[in-house]
>>> print(open('input11.cif').read())   # mmCIF, C-alpha atoms
data_model
#
loop_
_atom_site.group_PDB
_atom_site.id
_atom_site.type_symbol
_atom_site.label_atom_id
_atom_site.label_comp_id
_atom_site.auth_asym_id
_atom_site.auth_seq_id
_atom_site.Cartn_x
_atom_site.Cartn_y
_atom_site.Cartn_z
ATOM 1 C CA MET C 1 -37.063 -7.911 -50.824
ATOM 2 C CA GLN C 2 -38.486 -9.642 -47.714
ATOM 3 C CA ASP C 3 -42.275 -9.855 -47.491
ATOM 4 C CA GLU C 4 -43.631 -7.976 -44.479
ATOM 5 C CA ASN C 5 -45.510 -11.106 -43.381
ATOM 6 C CA SER C 6 -42.544 -13.443 -43.681
ATOM 7 C CA THR C 7 -40.665 -14.703 -40.632
ATOM 8 C CA PRO C 8 -37.288 -13.010 -40.075
ATOM 9 C CA SER C 9 -34.262 -15.231 -40.430
ATOM 10 C CA SER C 10 -33.046 -16.693 -37.123
ATOM 11 C CA THR C 11 -29.418 -16.698 -38.280
ATOM 12 C CA PRO C 12 -27.579 -14.000 -36.299
ATOM 13 C CA GLY C 13 -25.491 -11.467 -38.186
ATOM 14 C CA PRO C 14 -21.780 -10.980 -37.561
ATOM 15 C CA GLU C 15 -22.477 -8.202 -35.081
ATOM 16 C CA ALA C 16 -24.602 -10.543 -32.916
ATOM 17 C CA THR C 17 -21.877 -13.136 -32.576
ATOM 18 C CA ALA C 18 -19.003 -10.719 -31.902
ATOM 19 C CA PRO C 19 -17.521 -11.331 -28.430
ATOM 20 C CA LEU C 20 -18.261 -8.719 -25.800
ATOM 21 C CA PRO C 21 -15.247 -6.728 -24.615
ATOM 22 C CA GLU C 22 -13.823 -7.999 -21.348
ATOM 23 C CA PRO C 23 -14.529 -5.668 -18.412
ATOM 24 C CA ARG C 24 -11.461 -3.830 -17.104
ATOM 25 C CA LEU C 25 -10.801 -3.528 -13.384
ATOM 26 C CA SER C 26 -10.482 -0.055 -11.976
ATOM 27 C CA ARG C 27 -7.260 0.745 -10.129
ATOM 28 C CA ARG C 28 -9.073 0.519 -6.781
ATOM 29 C CA ALA C 29 -10.737 -2.794 -7.699
ATOM 30 C CA ALA C 30 -7.330 -4.183 -8.637
ATOM 31 C CA TRP C 31 -5.847 -3.036 -5.294
ATOM 32 C CA ILE C 32 -8.777 -4.586 -3.430
ATOM 33 C CA ALA C 33 -8.337 -7.879 -5.261
ATOM 34 C CA MET C 34 -4.603 -7.934 -4.528
ATOM 35 C CA GLY C 35 -5.208 -6.872 -0.935
ATOM 36 C CA SER C 36 -7.687 -9.700 -0.429
ATOM 37 C CA VAL C 37 -5.158 -12.211 -1.704
ATOM 38 C CA ALA C 38 -2.471 -10.682 0.515
ATOM 39 C CA LEU C 39 -4.784 -10.879 3.543
ATOM 40 C CA ALA C 40 -5.649 -14.524 2.859
ATOM 41 C CA LEU C 41 -1.991 -15.406 2.467
ATOM 42 C CA GLY C 42 -1.133 -13.370 5.543
ATOM 43 C CA LEU C 43 -3.705 -15.166 7.685
ATOM 44 C CA LEU C 44 -2.477 -18.567 6.517
ATOM 45 C CA TRP C 45 1.084 -17.493 7.189
ATOM 46 C CA ALA C 46 0.225 -16.138 10.628
ATOM 47 C CA ALA C 47 -1.594 -19.332 11.495
ATOM 48 C CA SER C 48 1.527 -21.362 10.766
ATOM 49 C CA ASP C 49 4.380 -19.138 11.942
ATOM 50 C CA LEU C 50 4.286 -15.345 12.093
ATOM 51 C CA THR C 51 8.061 -15.065 11.957
ATOM 52 C CA ALA C 52 8.527 -17.277 8.903
ATOM 53 C CA PRO C 53 9.707 -15.401 5.783
ATOM 54 C CA HIS C 54 7.402 -14.794 2.844
ATOM 55 C CA GLU C 55 9.605 -16.187 0.119
ATOM 56 C CA GLU C 56 7.745 -14.609 -2.819
ATOM 57 C CA ASP C 57 7.777 -11.122 -1.302
ATOM 58 C CA GLU C 58 11.256 -11.404 0.206
ATOM 59 C CA ALA C 59 12.743 -12.045 -3.223
ATOM 60 C CA THR C 60 11.572 -8.689 -4.573
ATOM 61 C CA ASP C 61 11.694 -6.746 -1.299
ATOM 62 C CA ALA C 62 15.351 -7.629 -0.807
ATOM 63 C CA ASP C 63 16.266 -5.870 -4.056
ATOM 64 C CA MET C 64 15.691 -2.458 -2.449
ATOM 65 C CA VAL C 65 17.735 -3.060 0.693
ATOM 66 C CA GLY C 66 20.968 -1.070 0.796
ATOM 67 C CA LYS C 67 19.882 1.349 -1.929
ATOM 68 C CA PRO C 68 19.305 5.099 -1.419
ATOM 69 C CA ALA C 69 15.636 5.678 -0.638
ATOM 70 C CA PRO C 70 13.804 7.862 -3.191
ATOM 71 C CA LEU C 71 13.156 10.795 -0.842
ATOM 72 C CA ASN C 72 13.118 13.621 -3.391
ATOM 73 C CA TYR C 73 9.317 13.836 -3.384
ATOM 74 C CA THR C 74 6.838 16.310 -1.956
ATOM 75 C CA VAL C 75 3.267 15.226 -1.219
ATOM 76 C CA LYS C 76 0.309 16.786 0.614
ATOM 77 C CA ASN C 77 -0.893 15.410 3.903
ATOM 78 C CA MET C 78 -4.601 15.069 4.647
ATOM 79 C CA ASN C 79 -4.661 18.654 5.991
ATOM 80 C CA GLY C 80 -3.325 20.078 2.739
ATOM 81 C CA GLU C 81 0.187 20.756 4.032
ATOM 82 C CA SER C 82 3.202 19.948 1.868
ATOM 83 C CA VAL C 83 5.425 17.196 3.239
ATOM 84 C CA HIS C 84 8.977 16.844 1.904
ATOM 85 C CA LEU C 85 10.090 13.258 2.419
ATOM 86 C CA ALA C 86 13.748 14.317 2.461
ATOM 87 C CA SER C 87 13.083 16.627 5.419
ATOM 88 C CA TYR C 88 12.917 13.558 7.688
ATOM 89 C CA LYS C 89 16.420 12.417 6.813
ATOM 90 C CA GLY C 90 18.308 12.021 10.091
ATOM 91 C CA LYS C 91 15.465 10.026 11.635
ATOM 92 C CA ILE C 92 14.430 6.452 10.976
ATOM 93 C CA ILE C 93 11.489 6.596 8.550
ATOM 94 C CA LEU C 94 8.675 4.037 8.477
ATOM 95 C CA LEU C 95 6.970 4.687 5.141
ATOM 96 C CA ASN C 96 3.757 2.659 5.179
ATOM 97 C CA PHE C 97 1.742 2.239 1.949
ATOM 98 C CA TRP C 98 -1.888 1.566 2.837
ATOM 99 C CA ALA C 99 -5.570 2.430 2.162
ATOM 100 C CA THR C 100 -8.711 2.892 4.244
ATOM 101 C CA TRP C 101 -10.474 -0.003 2.456
ATOM 102 C CA CYS C 102 -7.628 -2.464 3.105
ATOM 103 C CA PRO C 103 -8.372 -4.867 6.028
ATOM 104 C CA PRO C 104 -4.744 -5.889 6.716
ATOM 105 C CA CYS C 105 -3.727 -2.222 6.685
ATOM 106 C CA LYS C 106 -6.209 -1.531 9.485
ATOM 107 C CA VAL C 107 -4.684 -4.344 11.530
ATOM 108 C CA GLU C 108 -1.287 -2.613 11.418
ATOM 109 C CA ILE C 109 -2.458 0.869 12.439
ATOM 110 C CA PRO C 110 -2.478 0.320 16.253
ATOM 111 C CA ASP C 111 1.087 -1.013 16.060
ATOM 112 C CA LEU C 112 2.247 1.973 14.018
ATOM 113 C CA ILE C 113 0.595 4.296 16.551
ATOM 114 C CA ALA C 114 2.384 2.514 19.399
ATOM 115 C CA LEU C 115 5.749 2.632 17.614
ATOM 116 C CA GLN C 116 5.380 6.351 16.924
ATOM 117 C CA ASN C 117 4.649 6.919 20.624
ATOM 118 C CA GLU C 118 7.431 4.725 21.975
ATOM 119 C CA TYR C 119 10.180 5.857 19.581
ATOM 120 C CA LYS C 120 9.026 9.409 18.827
ATOM 121 C CA ASP C 121 12.541 10.841 19.338
ATOM 122 C CA ASP C 122 14.087 8.489 16.803
ATOM 123 C CA ILE C 123 11.492 7.579 14.186
ATOM 124 C CA VAL C 124 8.794 9.124 12.035
ATOM 125 C CA VAL C 125 5.883 7.102 10.684
ATOM 126 C CA LEU C 126 4.461 8.259 7.355
ATOM 127 C CA GLY C 127 1.185 6.677 6.252
ATOM 128 C CA PHE C 128 1.043 6.944 2.444
ATOM 129 C CA SER C 129 -2.558 6.296 1.409
ATOM 130 C CA VAL C 130 -2.439 4.927 -2.137
ATOM 131 C CA ASP C 131 -5.782 6.223 -3.441
ATOM 132 C CA ASP C 132 -7.953 7.828 -0.751
ATOM 133 C CA THR C 133 -8.947 11.494 -0.859
ATOM 134 C CA ALA C 134 -8.250 13.896 2.000
ATOM 135 C CA ASP C 135 -11.998 13.941 2.780
ATOM 136 C CA GLN C 136 -11.968 10.164 3.170
ATOM 137 C CA LEU C 137 -8.799 10.165 5.263
ATOM 138 C CA LYS C 138 -9.720 12.773 7.891
ATOM 139 C CA PRO C 139 -12.652 10.935 9.559
ATOM 140 C CA PHE C 140 -10.789 7.641 9.271
ATOM 141 C CA ALA C 141 -7.690 9.070 10.972
ATOM 142 C CA ASP C 142 -9.884 10.522 13.743
ATOM 143 C CA GLU C 143 -11.649 7.218 14.271
ATOM 144 C CA TYR C 144 -8.372 5.288 14.539
ATOM 145 C CA GLN C 145 -6.631 8.110 16.452
ATOM 146 C CA MET C 146 -3.688 8.055 14.082
ATOM 147 C CA ASN C 147 -0.850 10.061 15.601
ATOM 148 C CA TYR C 148 1.427 10.131 12.570
ATOM 149 C CA GLN C 149 1.539 11.937 9.224
ATOM 150 C CA VAL C 150 -1.172 10.725 6.842
ATOM 151 C CA LEU C 151 -0.176 11.457 3.250
ATOM 152 C CA VAL C 152 -2.489 11.690 0.226
ATOM 153 C CA GLY C 153 -0.903 9.403 -2.342
ATOM 154 C CA LEU C 154 -3.774 9.726 -4.827
ATOM 155 C CA GLY C 155 -2.237 10.858 -8.121
ATOM 156 C CA HIS C 156 1.298 9.982 -6.986
ATOM 157 C CA GLU C 157 1.660 6.573 -8.595
ATOM 158 C CA ASN C 158 5.237 7.613 -9.442
ATOM 159 C CA ILE C 159 6.127 7.407 -5.758
ATOM 160 C CA GLN C 160 4.587 3.939 -5.458
ATOM 161 C CA GLU C 161 6.582 2.860 -8.504
ATOM 162 C CA ALA C 162 9.786 4.309 -7.053
ATOM 163 C CA TYR C 163 9.389 2.025 -4.019
ATOM 164 C CA GLY C 164 7.991 -0.899 -6.020
ATOM 165 C CA PRO C 165 7.227 -3.416 -7.202
ATOM 166 C CA MET C 166 4.185 -3.729 -4.949
ATOM 167 C CA TRP C 167 1.905 -6.718 -5.444
ATOM 168 C CA GLY C 168 -0.503 -5.502 -2.771
ATOM 169 C CA ILE C 169 -0.710 -3.452 0.399
ATOM 170 C CA PRO C 170 0.293 -2.890 3.143
ATOM 171 C CA VAL C 171 3.964 -2.369 2.348
ATOM 172 C CA THR C 172 6.334 -0.769 4.839
ATOM 173 C CA ILE C 173 9.711 0.677 3.889
ATOM 174 C CA ILE C 174 12.153 1.210 6.771
ATOM 175 C CA ILE C 175 14.738 3.866 5.938
ATOM 176 C CA ASP C 176 17.782 4.508 8.123
ATOM 177 C CA ARG C 177 19.037 7.898 9.307
ATOM 178 C CA ASP C 178 21.295 8.264 6.262
ATOM 179 C CA GLY C 179 18.429 7.748 3.825
ATOM 180 C CA THR C 180 19.245 4.153 2.898
ATOM 181 C CA VAL C 181 16.573 1.454 2.657
ATOM 182 C CA ALA C 182 17.133 -0.927 5.560
ATOM 183 C CA LYS C 183 14.068 -3.097 4.992
ATOM 184 C CA LYS C 184 11.124 -3.438 2.654
ATOM 185 C CA GLN C 185 8.311 -5.451 4.187
ATOM 186 C CA SER C 186 5.293 -6.571 2.156
ATOM 187 C CA GLY C 187 2.139 -7.691 3.928
ATOM 188 C CA ILE C 188 1.241 -7.669 7.605
ATOM 189 C CA ARG C 189 4.117 -7.493 10.056
ATOM 190 C CA SER C 190 3.831 -7.567 13.843
ATOM 191 C CA LYS C 191 4.941 -4.709 16.064
ATOM 192 C CA GLU C 192 7.719 -6.927 17.408
ATOM 193 C CA GLN C 193 9.096 -7.585 13.933
ATOM 194 C CA ILE C 194 9.173 -3.898 12.998
ATOM 195 C CA GLU C 195 10.587 -3.034 16.415
ATOM 196 C CA ARG C 196 13.527 -5.378 15.868
ATOM 197 C CA GLU C 197 14.370 -3.537 12.663
ATOM 198 C CA ILE C 198 14.146 -0.169 14.414
ATOM 199 C CA LYS C 199 16.351 -1.208 17.321
ATOM 200 C CA ALA C 200 19.011 -2.454 14.923
ATOM 201 C CA LEU C 201 19.208 1.062 13.476
ATOM 202 C CA LEU C 202 19.270 3.049 16.736
#
>>> encode(input="input11.cif", output="structure tokens")
Amino acid sequence: MQDENSTPSSTPGPEATAPLPEPRLSRRAAWIAMGSVALALGLLWAASDLTAPHEEDEATDADMVGKPAPLNYTVKNMNGESVHLASYKGKIILLNFWATWCPPCKVEIPDLIALQNEYKDDIVVLGFSVDDTADQLKPFADEYQMNYQVLVGLGHENIQEAYGPMWGIPVTIIIDRDGTVAKKQSGIRSKEQIEREIKALL
């Protein structure tokens, strides 16, 4: 028995030396981290040559081209209305995966607005927010004057997986009138680049 006046041993017990569990990133934190990397790479790429291909992304994006687009999904828009992706078959669909906290996604929004205005008879832009709530999306859409469908993708990771793999956002899927994937584009793309893809499908 240890005397009450004796000095406690300084040797730590097993529990004191056990390693602390590594913190796990939340889904949003992981998206933010990937988005930051994508933005940094995008800025470096843009500084060199905006039209140069992204070899890492192109390798995986190209796998979807020519395949039937997974359109058999229904998702709510920010106003609570059900949107059937297949109902837009017959038009060219620009399915843009994005989030309100994603800086490169914000850069693309004015171009998507312009494309929806200029090609409104032939295309439909669908903004699929990966994890924002409807309450977060409404003021954001008002601020940016978004003129296209804003979809609530929160809880629909299955749809993201169907169009994956996605290493970050934004990602834009261009689907032709027959429902076939014509292009999968990861990262920031200029209006002119997307417009070329649209014109090829008109």
>>> closest_residue(input="input11.cif", among="C:Ile188, C:Ala141, C:Ala62, C:Ala200", to="Asp111 in chain C", atoms="only C-alpha atoms")
C:Ile188
>>> resolve_selection(input="input11.cif", expression="the PyMOL selection byres ((chain C and resi 181) around 8)", output="list in words")
Met64, Val65, Gly66, Lys67, Pro68, Ala69, Ile173, Ile174, Ile175, Asp176, Gly179, Thr180, Ala182, Lys183 and Lys184 of chain C
>>> resolve_selection(input="input11.cif", expression="the PyMOL selection byres ((chain C and resi 146) around 12)", output="CSV table (one decimal) with C-alpha atoms, keeping the file's coordinate frame")
chain,number,residue,atom,x,y,z
C,78,MET,CA,-4.6,15.1,4.6
C,106,LYS,CA,-6.2,-1.5,9.5
C,108,GLU,CA,-1.3,-2.6,11.4
C,109,ILE,CA,-2.5,0.9,12.4
C,110,PRO,CA,-2.5,0.3,16.3
C,111,ASP,CA,1.1,-1.0,16.1
C,112,LEU,CA,2.2,2.0,14.0
C,113,ILE,CA,0.6,4.3,16.6
C,114,ALA,CA,2.4,2.5,19.4
C,115,LEU,CA,5.7,2.6,17.6
C,116,GLN,CA,5.4,6.4,16.9
C,117,ASN,CA,4.6,6.9,20.6
C,125,VAL,CA,5.9,7.1,10.7
C,126,LEU,CA,4.5,8.3,7.4
C,127,GLY,CA,1.2,6.7,6.3
C,137,LEU,CA,-8.8,10.2,5.3
C,138,LYS,CA,-9.7,12.8,7.9
C,139,PRO,CA,-12.7,10.9,9.6
C,140,PHE,CA,-10.8,7.6,9.3
C,141,ALA,CA,-7.7,9.1,11.0
C,142,ASP,CA,-9.9,10.5,13.7
C,143,GLU,CA,-11.6,7.2,14.3
C,144,TYR,CA,-8.4,5.3,14.5
C,145,GLN,CA,-6.6,8.1,16.5
C,147,ASN,CA,-0.8,10.1,15.6
C,148,TYR,CA,1.4,10.1,12.6
C,149,GLN,CA,1.5,11.9,9.2
C,150,VAL,CA,-1.2,10.7,6.8
C,151,LEU,CA,-0.2,11.5,3.2
>>> atom_distance(input="input11.cif", atom1="CA of Val152 in chain C", atom2="CA of Met166 in chain C")
17.6 Å
>>> atom_distance(input="input11.cif", atom1="CA of Gly90 in chain C", atom2="CA of Thr172 in chain C")
18.3 Å
>>> atom_distance(input="input11.cif", atom1="CA of Trp98 in chain C", atom2="CA of Ala86 in chain C")
20.2 Å
>>> resolve_selection(input="input11.cif", expression="the PyMOL selection byres ((chain C and resi 131) around 10)", output="number ranges by chain")
C: 27-28, 31, 98-101, 128-130, 132-134, 136, 152-157
>>> closest_residue(input="input11.cif", among="C:Thr74, C:Glu161, C:Ser82, C:Asp122", to="Leu94 in chain C", atoms="all atoms listed in the file")
C:Asp122
>>> residues_around(input="input11.cif", residues="Leu201 in chain C", least_positions_apart="2", cutoff="9 Å", atoms="only C-alpha atoms", output="PyMOL selection string")
chain C and resi 92+176-177+182+196-199
>>> residues_near_point(input="input11.cif", point="(8.4, 10.5, -3.8)", cutoff="8 Å", atoms="all atoms listed in the file", output="JSON, numbers by chain")
{"C": [70, 71, 72, 73, 74, 75, 85, 156, 158, 159, 160, 162]}
>>> write_last_selection(input="input11.cif", atoms="C-alpha atoms", output="short mmCIF file (atom, residue, chain, number, x, y, z; two decimals), keeping the file's coordinate frame")
data_model
loop_
_atom_site.label_atom_id
_atom_site.label_comp_id
_atom_site.auth_asym_id
_atom_site.auth_seq_id
_atom_site.Cartn_x
_atom_site.Cartn_y
_atom_site.Cartn_z
CA PRO C 70 13.80 7.86 -3.19
CA LEU C 71 13.16 10.80 -0.84
CA ASN C 72 13.12 13.62 -3.39
CA TYR C 73 9.32 13.84 -3.38
CA THR C 74 6.84 16.31 -1.96
CA VAL C 75 3.27 15.23 -1.22
CA LEU C 85 10.09 13.26 2.42
CA HIS C 156 1.30 9.98 -6.99
CA ASN C 158 5.24 7.61 -9.44
CA ILE C 159 6.13 7.41 -5.76
CA GLN C 160 4.59 3.94 -5.46
CA ALA C 162 9.79 4.31 -7.05
#
>>> closest_residue(input="input11.cif", among="C:Val124, C:Leu95, C:Leu202, C:Cys105", to="Gly187 in chain C", atoms="only C-alpha atoms")
C:Cys105
>>> closest_residue(input="input11.cif", among="C:Pro165, C:His84, C:Gln185, C:Ile93", to="Tyr119 in chain C", atoms="all atoms listed in the file")
C:Ile93
>>> closest_residue(input="input11.cif", among="C:Val83, C:Lys191, C:Asn96, C:Lys91", to="Ile123 in chain C", atoms="all atoms listed in the file")
C:Lys91
